[in-house]
Amino acid sequence: MAEISGICEDKYAAVSKVLSDNIDAGLDLGASVAVFVDGEPVVDIWGGIADAETGAPWERDTIVNVWSTTKTMTALCALVLADAGEIDFHAPVATYWPEFKAAGKDAVEVRHLMSHTAGLSGWAEPMTTEDLYDWDKATSLLAAQEPWWEPGTASGYHAVTQGYLVGEVVRRVSGLSLGQFFAKEIASPLGADFHIGFDASLDSRVGRLVPPPSLAEQVGDLPPDSVIRRTFDNPVVDARVTETRAWRAAEIPAAGGHGNARSVALAQSVLACGGTVGGKTFMSPAGALRVFEEQSNGEDLILRAPMRFGMGYGLGSDLMPLGPHTCFWGGWGGSIIIVDQDLRIAIAYVMNRMESGLVGDTRGLGIVGAAFAAAMSS
């Protein structure tokens with residue numbers, strides 16, 4: 001049986017067993033799981049191998065690139081600013097970012113950026129991976145670009161671009177980059193070990209990812225001009241790029257965040273607990289509820305699956321049956337975060353063996369199911 005370290009209240013023993021079974025079955029190489037209730041950990045566990053090449057074990061402070069689970073941190077920053085009256089989700093993006101009105105986008109609203117409905121799921125101009133490290137280039141090209149579909153009419157997963165779009169609004173309003181704002185206003189006050197751009201001092205703690213097929217390979221045999229291929233092919237992101245110092249240093253707010261399950265669940269406890277965690281208030285209860293304002297509901301043009309988006313997070317749907325005050329998102333390869341405001345719970349799973357899924361897979365869902373069952377038991 002795989003050795004699992006950390007803390008796990010007896011009530012949640014099934015959660016630890018799922019992680020142990022996943023490692024024993026080879027489904028996971030190394031992983032961490034956290035369940036926070038009322039902002040406090042009832043599960044904070046880890047196990048397995050952090051680096052398949054060296055055999056180094058997954059430690060308490062191991063962090064990995066969690067891909068699109070980072071989007072929930074970016075959304076949290078925007079929700080905090082909206083609650084403070086600094087951002088109006090229903091205002092045109094150009095209110096804060098005047099250059100964005102180009103190419104007929106003067107009526108595109110901030111809420112469209114939050115819900116993947118802005119029609120800017122990729123770049124029209126050629127982009128390289130290195131261009132993702134150039135904030136001004138990435139954002140200025142999006143500001144000048146014409147939408148690929150009528151904004152507000154449908155969601156089309158903005159896999160990488162969403163972070164630059166929401167992040168630039170945050171930067172224009174706060175004067176801080178997204179990574180700086182998150183660190184100053186959320187991570188530091190909480191003591192959350194989650195980073196959107198970091199220096200070499202943390203490199204020794206980063207686990208090595210085991211890549212799946214590339215996103216370009218996963219989308220299949222589609223014509224070059226399809227919106228799906230244009231979204232994932234420009235640039236093609238290889239998961240091994242996460243081993244480079246340039247990727248780690250860059251702020252890529254839709255895909256480049258590094259953390260572990262503890263840090264993800266702690267940060268997202270802000271939402272789970274109605275805006276106040278550990279005696280610190282980040283937003284009002286009403287501000288935390290705004291995540292559930294439905295912005296789209298239907299087949300996503302990029303994911304090719306029925307999706308229902310609120311303000312920055314996925315909401316319950318036929319594909320993902322959840323409670324009325326439950327939201328979620330996951331990352332390429334399998335990481336996932338689920339938040340339920342009624343139960344005041346945040347459940348996170350972070351791993352290094354990547355599967356093909358863009359927004360979670362059965363490993364994370366097994367963890368979530370065991371955690372919910374325990375939370376709702378008497």
# chains A, B, ... in the order shown; residues from 1 in each chain; ligands from 1
>>> select_by_dssp(residues="region 136-319 of chain A", states="strand (DSSP E)", output="PyMOL selection string")
chain A and resi 258-259+276-277+280-281+296-299+306-309+314-315
>>> closest_atom_pairs(of="region 131-187 of chain A", to="region 96-106 of chain A", cutoff="8 Å", atoms="only C-alpha atoms", output="JSON lines")
{"residue": "A:Ser140", "atom": "CA", "partner": "A:Glu99", "partner_atom": "CA", "distance": 8.0}
{"residue": "A:Leu142", "atom": "CA", "partner": "A:Phe100", "partner_atom": "CA", "distance": 7.7}
{"residue": "A:Ala143", "atom": "CA", "partner": "A:Phe100", "partner_atom": "CA", "distance": 4.2}
{"residue": "A:Ala144", "atom": "CA", "partner": "A:Ala102", "partner_atom": "CA", "distance": 5.4}
{"residue": "A:Gln145", "atom": "CA", "partner": "A:Ala103", "partner_atom": "CA", "distance": 6.1}
{"residue": "A:Glu146", "atom": "CA", "partner": "A:Ala103", "partner_atom": "CA", "distance": 4.9}
{"residue": "A:Pro147", "atom": "CA", "partner": "A:Lys105", "partner_atom": "CA", "distance": 7.5}
{"residue": "A:Glu168", "atom": "CA", "partner": "A:Trp97", "partner_atom": "CA", "distance": 7.7}
{"residue": "A:Val169", "atom": "CA", "partner": "A:Tyr96", "partner_atom": "CA", "distance": 6.3}
{"residue": "A:Arg172", "atom": "CA", "partner": "A:Tyr96", "partner_atom": "CA", "distance": 6.2}
{"residue": "A:Val173", "atom": "CA", "partner": "A:Tyr96", "partner_atom": "CA", "distance": 6.7}
>>> write_last_selection(atoms="N, CA and C atoms", output="compact mmCIF listing (two decimals), in the first residue's frame")
# COMPACT_ATOMS: atom_id res chain seq x y z
N SER A 140 -1.37 43.03 -26.30
CA SER A 140 -1.63 44.00 -27.37
C SER A 140 -2.19 43.33 -28.62
N LEU A 142 -4.13 40.67 -28.61
CA LEU A 142 -5.53 40.38 -28.30
C LEU A 142 -6.38 41.66 -28.37
N ALA A 143 -5.82 42.78 -27.92
CA ALA A 143 -6.56 44.05 -27.97
C ALA A 143 -6.87 44.45 -29.40
N ALA A 144 -5.97 44.14 -30.33
CA ALA A 144 -6.15 44.54 -31.72
C ALA A 144 -6.98 43.56 -32.54
N GLN A 145 -7.26 42.40 -31.98
CA GLN A 145 -7.84 41.29 -32.74
C GLN A 145 -9.36 41.35 -32.82
N GLU A 146 -9.88 40.90 -33.96
CA GLU A 146 -11.32 40.76 -34.14
C GLU A 146 -11.79 39.44 -33.52
N PRO A 147 -12.93 39.43 -32.82
CA PRO A 147 -13.43 38.19 -32.22
C PRO A 147 -13.70 37.13 -33.29
N GLU A 168 -4.93 41.64 -17.70
CA GLU A 168 -4.67 43.01 -18.12
C GLU A 168 -5.69 43.97 -17.51
N VAL A 169 -6.94 43.54 -17.37
CA VAL A 169 -7.92 44.38 -16.68
C VAL A 169 -7.50 44.59 -15.23
N ARG A 172 -4.61 47.09 -15.23
CA ARG A 172 -5.02 48.48 -15.51
C ARG A 172 -5.71 49.10 -14.29
N VAL A 173 -6.47 48.28 -13.57
CA VAL A 173 -7.24 48.80 -12.43
C VAL A 173 -6.38 48.94 -11.18
>>> atom_distance(atom1="CA of Leu120 (chain A)", atom2="CA of His158 (chain A)")
6.8 Å
>>> select_by_dssp(residues="region 177-225 of chain A", states="helix (DSSP H, G or I)", output="list in words")
Leu178, Gly179, Gln180, Phe181, Phe182, Ala183, Lys184, Glu185, Ile186, Ala187, Ser188, Pro189, Leu190, Ala200, Ser201, Leu202, Asp203, Ser204, Arg205, Leu215, Ala216, Glu217 and Gln218 of chain A
>>> closest_residue(among="A:Glu9, A:Glu53, A:Asp233, A:Asp44", to="Ala374 (chain A)", atoms="only C-alpha atoms")
A:Glu9
>>> closest_residue(among="A:Arg111, A:Arg240, A:His90, A:Arg262", to="Asp61 (chain A)", atoms="only C-alpha atoms")
A:Arg262
>>> residues_around(residues="Gly310 (chain A)", least_positions_apart="2", cutoff="7 Å", atoms="only C-alpha atoms", output="VMD selection string")
chain A and resid 115 291 to 295 308 312 to 315
>>> residues_around(residues="region 39-43 of chain A", least_positions_apart="3", cutoff="6 Å", atoms="only C-alpha atoms", output="ChimeraX atom specification")
/A:7-9,34-36,269,277
>>> write_last_selection(atoms="N, CA and C atoms", output="compact mmCIF listing (two decimals), in the first residue's frame")
# COMPACT_ATOMS: atom_id res chain seq x y z
N ILE A 7 -2.10 14.88 7.29
CA ILE A 7 -3.20 14.75 8.25
C ILE A 7 -4.49 14.42 7.54
N CYS A 8 -5.29 13.57 8.17
CA CYS A 8 -6.59 13.22 7.60
C CYS A 8 -7.50 12.83 8.76
N GLU A 9 -8.52 13.62 9.00
CA GLU A 9 -9.47 13.28 10.06
C GLU A 9 -10.15 11.95 9.74
N ALA A 34 -6.18 17.98 -0.64
CA ALA A 34 -6.54 18.78 0.53
C ALA A 34 -8.04 19.03 0.54
N VAL A 35 -8.60 18.97 1.73
CA VAL A 35 -10.00 19.33 1.95
C VAL A 35 -10.02 20.33 3.10
N PHE A 36 -10.52 21.52 2.82
CA PHE A 36 -10.64 22.55 3.84
C PHE A 36 -12.12 22.79 4.12
N SER A 269 -10.64 28.72 -0.38
CA SER A 269 -11.51 28.82 0.80
C SER A 269 -12.06 30.23 0.96
N VAL A 277 -11.66 34.30 5.62
CA VAL A 277 -10.91 33.12 6.03
C VAL A 277 -9.89 33.51 7.09
>>> closest_atom_pairs(of="region 228-293 of chain A", to="region 345-366 of chain A", cutoff="7 Å", atoms="only C-alpha atoms", output="tab-separated table")
residue	atom	partner	partner_atom	distance
A:Asn260	CA	A:Val350	CA	5.9
A:Ala261	CA	A:Ala348	CA	5.0
A:Val264	CA	A:Ala348	CA	6.3
A:Ala265	CA	A:Ala346	CA	5.3
A:Gln268	CA	A:Ala346	CA	6.4
A:Ser269	CA	A:Ala346	CA	5.8
A:Ala272	CA	A:Ile345	CA	5.6
>>> write_last_selection(atoms="C-alpha atoms", output="compact mmCIF listing (two decimals), in the first residue's frame")
# COMPACT_ATOMS: atom_id res chain seq x y z
CA ASN A 260 -0.03 21.97 -4.20
CA ALA A 261 -3.46 20.87 -3.05
CA VAL A 264 -5.15 25.62 -3.88
CA ALA A 265 -7.77 24.68 -1.27
CA GLN A 268 -10.18 28.96 -2.76
CA SER A 269 -11.51 28.82 0.80
CA ALA A 272 -16.01 28.68 0.01
>>> residues_around(residues="Trp149 (chain A)", least_positions_apart="4", cutoff="10 Å", atoms="only C-alpha atoms", output="mmCIF file with N, CA and C atoms, in the first residue's frame")
data_model
loop_
_atom_site.group_PDB
_atom_site.id
_atom_site.type_symbol
_atom_site.label_atom_id
_atom_site.label_comp_id
_atom_site.auth_asym_id
_atom_site.auth_seq_id
_atom_site.Cartn_x
_atom_site.Cartn_y
_atom_site.Cartn_z
ATOM 1 N N THR A 117 -16.555 33.815 -23.170
ATOM 2 C CA THR A 117 -17.509 34.127 -24.241
ATOM 3 C C THR A 117 -17.091 35.343 -25.073
ATOM 4 N N ALA A 118 -15.832 35.775 -24.957
ATOM 5 C CA ALA A 118 -15.384 36.992 -25.642
ATOM 6 C C ALA A 118 -15.001 36.768 -27.097
ATOM 7 N N GLY A 119 -14.915 35.498 -27.526
ATOM 8 C CA GLY A 119 -14.551 35.226 -28.914
ATOM 9 C C GLY A 119 -13.059 35.373 -29.186
ATOM 10 N N LEU A 120 -12.243 35.314 -28.142
ATOM 11 C CA LEU A 120 -10.791 35.485 -28.285
ATOM 12 C C LEU A 120 -10.064 34.285 -27.674
ATOM 13 N N SER A 121 -10.443 33.095 -28.100
ATOM 14 C CA SER A 121 -9.904 31.873 -27.495
ATOM 15 C C SER A 121 -8.471 31.581 -27.911
ATOM 16 N N THR A 153 -22.440 35.185 -27.164
ATOM 17 C CA THR A 153 -23.414 34.242 -27.716
ATOM 18 C C THR A 153 -23.116 32.786 -27.358
ATOM 19 N N ALA A 154 -21.868 32.485 -27.051
ATOM 20 C CA ALA A 154 -21.481 31.111 -26.710
ATOM 21 C C ALA A 154 -20.131 31.145 -26.019
ATOM 22 N N SER A 155 -19.874 30.112 -25.207
ATOM 23 C CA SER A 155 -18.536 29.983 -24.643
ATOM 24 C C SER A 155 -17.656 29.208 -25.605
ATOM 25 N N GLY A 156 -16.387 29.558 -25.602
ATOM 26 C CA GLY A 156 -15.356 28.832 -26.339
ATOM 27 C C GLY A 156 -14.106 28.928 -25.491
ATOM 28 N N VAL A 227 -11.774 26.695 -35.330
ATOM 29 C CA VAL A 227 -11.538 27.507 -34.140
ATOM 30 C C VAL A 227 -10.826 26.690 -33.065
ATOM 31 N N LEU A 301 -17.667 25.816 -27.708
ATOM 32 C CA LEU A 301 -17.161 25.713 -29.069
ATOM 33 C C LEU A 301 -15.793 25.060 -29.147
#
>>> atom_distance(atom1="CA of Ser20 (chain A)", atom2="CA of Val241 (chain A)")
28.8 Å
>>> residues_around(residues="Trp58 (chain A)", least_positions_apart="3", cutoff="9 Å", atoms="only C-alpha atoms", output="number ranges by chain")
A: 30-32, 46-51, 61-63, 207
>>> write_last_selection(atoms="C-alpha atoms", output="short mmCIF file (atom, residue, chain, number, x, y, z; two decimals), in the first residue's frame")
data_model
loop_
_atom_site.label_atom_id
_atom_site.label_comp_id
_atom_site.auth_asym_id
_atom_site.auth_seq_id
_atom_site.Cartn_x
_atom_site.Cartn_y
_atom_site.Cartn_z
CA GLY A 30 2.84 11.59 -7.04
CA ALA A 31 -0.02 13.75 -5.82
CA SER A 32 -1.45 15.83 -3.01
CA TRP A 46 0.47 13.64 -0.14
CA GLY A 47 2.31 10.62 -1.43
CA GLY A 48 4.24 9.03 -4.25
CA ILE A 49 7.11 10.33 -6.38
CA ALA A 50 7.72 13.96 -7.33
CA ASP A 51 10.33 13.24 -10.01
CA ASP A 61 6.18 21.42 0.24
CA THR A 62 6.33 19.95 -3.30
CA ILE A 63 4.65 22.20 -5.83
CA GLY A 207 7.87 18.33 -9.12
#
